[in-house]
Every structure is written in structure tokens, then in C-alpha cells.
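Undergrad: Sharing a structure, written as C-alpha cells. Questions coming.
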Amino acid sequence: MPRKDSKKTVELLKADTGKYYLQKGSYVLELQKDGKTVSGNFILE
């Protein structure tokens with residue numbers, strides 16, 4: 001899955017409940033610990 005811009009800032013929207021949610025779209029989640037990185041893709045519909 002090609003990335004449009006890996007450094008793009010994601011805007012979080014505040015819902016009526018006062019909580020923040022990600023917008024619909026494709027995302028890459030990266031976790032780093034002890035010099036190791038694990039990543040995965042997910043889609044919010």
C-alpha cells in the first residue's frame with residue numbers, strides 16, 4: 001500500500017461526546033522499542 005505522505009499530520013476531530021477520533025482513511029501504525037520497529041496498516045471506514 002503506497003503512502004501519500006509518511007510525515008503528514010493527522011487532524012483529530014472532537015466529537016459531541018468530547019472524545020477525539022481519527023478520520024476515515026488508511027493509516028500505518030509503527031511501534032518502536034529497544035531499537036526494533038514493528039508496523040502494520042489499517043483502514044478506518
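Chain identifiers are assigned as A, B, and so on, following the order in which chains appear in the C-alpha cells; residues are numbered from 1 within each chain, and ligands are numbered from 1 in order of appearance.
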Write out as a ChimeraX atom specification each polymer residue whose atoms come within 7 Å of Asn41 in chain A, counting only C-alpha atoms; drop sequence neighbours fewer than 5 positions from it.
TA: /A:27-29
Undergrad: Please produce a file of the residues just selected, as a short mmCIF file (atom, residue, chain, number, x, y, z; two decimals), in the first residue's frame, where the atoms kept are N, CA, C and O atoms.
TA:
data_model
loop_
_atom_site.label_atom_id
_atom_site.label_comp_id
_atom_site.auth_asym_id
_atom_site.auth_seq_id
_atom_site.Cartn_x
_atom_site.Cartn_y
_atom_site.Cartn_z
N TYR A 27 -4.15 4.08 7.39
CA TYR A 27 -3.15 4.51 8.36
C TYR A 27 -2.07 3.44 8.50
O TYR A 27 -2.30 2.27 8.24
N VAL A 28 -0.89 3.88 8.90
CA VAL A 28 0.21 2.98 9.24
C VAL A 28 0.55 3.21 10.70
O VAL A 28 0.78 4.35 11.11
N LEU A 29 0.54 2.15 11.47
CA LEU A 29 0.87 2.22 12.89
C LEU A 29 2.27 1.65 13.07
O LEU A 29 2.54 0.54 12.63
#
Undergrad: Going by DSSP on the backbone, which residues of chain A come out as strand (DSSP E)? List them as a list in words.
TA: Leu13, Lys14, Tyr20, Tyr21, Gly25, Ser26, Tyr27, Val28, Leu29, Glu30, Leu31, Gln32, Lys33, Lys36, Thr37, Val38, Ser39, Gly40, Asn41, Phe42, Ile43 and Leu44 of chain A
Undergrad: Record the distance separating CA of Tyr20 in chain A and CA of Thr37 in chain A, expressed in Å with one decimal.
TA: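 Separating CA of Tyr20 in chain A from CA of Thr37 in chain A is a distance of 26.1 Å.
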Undergrad: Report the distance between CA of Glu11 in chain A and CA of Asp34 in chain A in Å, rounded to one decimal place.
TA: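 Between CA of Glu11 in chain A and CA of Asp34 in chain A the gap works out to 28.8 Å.
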